[in-house]
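Undergrad: My questions will all concern the structure given below.
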Amino acid sequence: MTASGARRAPVGTRDVLYPESSRWEAVVAGFAATVERAGYGLVISPMFEDVSVFSRGMGEKADVVAKEMYVFEDRGGRSLALRPEGTASIVRAFVQHRPPLPWKAWYATAAFRYERPQAGRFRQHHQLGVEVLGSADADLDVEVIDLAVTFLVSVGLDDFELRINSMGDPVCAPVYVETLRKYLESRLGELCDEHRQRALVSPLRVLDCKKEACRSATAGAPALLDVACAECKQHFGRVESGLRALAIPARVDARLVRGFDYYTRTTFELSSPGLDVAQNALGGGGRYDGLVEVLGGPATPGIGFGIGLERLLLACDAARRSAPSPVGASGRSAGPPPAVFVVDVAGGEAARDLTHALRAARIPSDRAFDERSLKSQMRMADRSGARLALIVGADEAAAGTVSVRALRREGDSAGGDDLQRVVGRSDVVGYVQEVLGS
């Protein structure tokens with residue numbers, strides 16, 4: 001190392017000093033408050049993993065694995081890699097420790113990619129994210145997207161776009177890839193130099209290319225939803241209806257294909273007009289129902305997202321927004337356990353809408369997924385540590401009411417008041433605030 005090199009941070013990295021660091025602190029605290037109200041717990045995993053965690057999980061042909069990953073051999077001869085993204089490490093931790101399902105995790109971590117440094121994109125960057133393992137319910141996809149959107153709004157960003165798509169499943173995705181490959185065969189000469197060589201091997205990557213040549217050549221390309229199987233179409237339809245119910249605008253974008261092999265079904269991306277057009281993504285994510293198996297665990301569905309902290313702050317600056325001030329202990333949730341658990345045996349829509357409304361009122365809340373029985377959901381409610389259960393069955397759904405049951409008094413570990421009251425749906429948030437306040 002030269003004398004000048006010893007005095008400067010490596011290319012593509014930077015020091016964050018006070019007072020800028022206080023913005024980072026505030027953003028992470030705000031993210032924690034947002035996701036912990038929904039029952040997500042912090043996971044801290046190693047900065048480096050066995051290289052196979054990423055090469056198997058993300059796919060050997062992914063650009064991040066093939067071109068950008070920091071790989072090294074330690075003194076014991078083990079091949080290791082610095083973490084390039086958050087999901088694979090969380091899934092590896094699940095495979096190793098097998099926490100109870102559903103497992104809701106959040107993280108704030110540094111990630112490393114050897115790429116050309118540019119505004120908001122560094123070789124060491126930082127990600128905020130959540131991962132949920134153990135449920136294939138489309139309502140969980142809505143919850144995860146809702147959390148990402150809620151967080152962006154909480155830091156003052158309201159001018160962003162949400163794009164969604166489906167990547168299909170092992171039944172229909174191969175059919176689509178072959179359909180797209182045939183479409184591209186006769187258009188190879190129209191593609192950019194990079195994808196002309198790779199189009200038939202990795203046809204999905206062509207859709208994600210930002211160069212005008214590829215975008216023109218694929219303007220009439222088939223969309224996955226055109227050939228999706230019935231189950232994938234039903235799943236995506238439920239996601240769309242859920243987002244509409246929560247008044248979250250989303251645009252279906254057939255070009256939205258995530259760059260890693262592990263994605264299935266729902267995929268989404270959030271972008272800001274205040275950033276460079278070619279690099280305007282704030283973050284994104286999607287479902288990865290086969291990743292646990294790839295990394296040696298049992299078949300376990302999952303979904304999550306990641307948001308780049310540097311890009312988020314850059315977008316705040318472009319929109320002339322400041323990150324929130326650091327939050328004191330009295331101003332943020334303590335996280336899990338939730339204060340309220342919503343038990344819905346009438347289809348799931350009430351649980352979706354009520355947890356959204358409760359969290360918007362800063363009331364930590366959670367719910368079950370996968371259309372579990374009343375008995376099963378009540379067991380989950382009791383184990384969660386919640387003080388109140390909001391119960392919606394067929395009768396409540398028809399009457400527009402919610403049954404509120406006390407599970408425990410404040411400070412009690414269990415055995416609360418069995419008294420149950422019926423409250424109108426429009427009044428339930430105010431009623432819960434009153435009960436919890438008292």
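Chain labels run A, B, ... following the order of the structure tokens; each chain numbers its residues from 1, and ligands are numbered from 1 in the order shown.
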Using DSSP on the backbone coordinates, identify all residues within stretch 209-318 of chain A classified as helix (DSSP H, G or I); present the result as a PyMOL selection string.

TA: chain A and resi 212-217+224-227+230-245+277-279+291-294+309-318

Undergrad: Which polymer residues have any atom within 9 Å of an atom of A:Ala361, counting only C-alpha atoms, with same-chain residues fewer than 3 positions away left out, as a PyMOL selection string?

TA: chain A and resi 356-358+364+429+433

Undergrad: Keeping only N, CA and C atoms, take the residues you just selected and write them out as a compact mmCIF listing (two decimals), in the first residue's frame.

TA:
# COMPACT_ATOMS: atom_id res chain seq x y z
N HIS A 356 -52.94 -3.21 8.48
CA HIS A 356 -52.49 -1.98 7.82
C HIS A 356 -52.95 -0.75 8.61
N ALA A 357 -54.22 -0.73 9.02
CA ALA A 357 -54.77 0.43 9.73
C ALA A 357 -54.14 0.57 11.11
N LEU A 358 -53.93 -0.54 11.80
CA LEU A 358 -53.34 -0.49 13.13
C LEU A 358 -51.90 0.02 13.08
N PRO A 364 -48.38 -1.76 17.19
CA PRO A 364 -47.75 -3.00 16.72
C PRO A 364 -48.78 -4.11 16.59
N VAL A 429 -59.95 0.80 15.58
CA VAL A 429 -58.62 1.36 15.86
C VAL A 429 -58.70 2.30 17.06
N GLN A 433 -56.84 1.79 20.70
CA GLN A 433 -55.99 2.84 21.30
C GLN A 433 -56.45 3.16 22.71

Undergrad: Leaving out stretch 3-17 of chain A and any residue of its chain fewer than 3 positions from it, which residues lie within 12 Å of it when counting only C-alpha atoms, given as a ChimeraX atom specification?

TA: /A:20-25,110-126,310

Undergrad: Find the residues around stretch 288-295 of chain A up to 9 Å (only C-alpha atoms counted), leave out those fewer than 4 positions away in its own chain, and share them as a PyMOL selection string.

TA: chain A and resi 52-53+56-58+88+91-92+94-95+133+136+169+261-266+299-304

Undergrad: Based on the backbone DSSP call, show me all residues of stretch 232-390 of chain A assigned strand (DSSP E or B), as a PyMOL selection string.

TA: chain A and resi 251-252+264-271+281-287+302-308+340-344+365-367+388-390

Undergrad: Distance atom CA of A:His195-atom CA of A:Ala217, one decimal place?

TA: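 Here the two named atoms are 11.2 Å from each other.
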
Undergrad: Tell me, as a list of chain:residue names, which residues lie within 9 Å of A:Asp382, counting only C-alpha atoms; anything in the same chain fewer than 3 positions away does not count.

TA: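 Answer for this query is A:Phe341, A:Gln377, A:Met378, A:Arg379, A:Gly385, A:Ala386, A:Arg387, A:Ala389, A:Leu407, A:Arg408, A:Ala414.
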
Undergrad: Please provide as a ChimeraX atom specification all residues within 9 Å of stretch 142-155 of chain A, with the sequence filter that same-chain residues fewer than 5 positions apart are discarded (counting only C-alpha atoms).

TA: /A:27,30-31,34-35,38,129-132,160,162,238-240,242-243,246,248,268,270,283-286,303-307,312,316,321-324,352,355-356,360

Undergrad: Of the candidates A:Ser271, A:Ala368, A:Arg287, A:Arg362, which shows the shortest atom-to-atom distance to A:Asp159, using only C-alpha atoms?

TA: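 Ranking A:Ser271, A:Ala368, A:Arg287, A:Arg362 by distance to A:Asp159, first place goes to A:Ser271.
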
Undergrad: Considering only C-alpha atoms, can you say which of A:Thr267, A:Ala250, A:Thr218, A:Leu436 comes closest to A:Gly168?

TA: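 Closest to A:Gly168, using only C-alpha atoms: A:Thr267.
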
Undergrad: Between atom CA of A:Ala398 and atom CA of A:Phe236, measure the distance and give it in Å to one decimal.

TA: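 Taking atom CA of A:Ala398 as the start and atom CA of A:Phe236 as the end point, the length is 26.1 Å.
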
Undergrad: Residues at most 6 Å from A:Tyr107, counting only C-alpha atoms, excluding those fewer than 6 positions away in the same chain, as a PyMOL selection string?

TA: chain A and resi 42-43+128-129

Undergrad: Which value, in Å to one decimal, gives the distance between atom CA of A:Pro100 and atom CA of A:Arg367?

TA: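 It comes out at 15.0 Å.
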
Undergrad: May I ask which of the residues A:Ala381, A:Val342, A:Ala228, A:Leu419 is the closest one to A:Val402, counting only C-alpha atoms?

TA: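 With only C-alpha atoms as the atom set, the closest residue is A:Val342.
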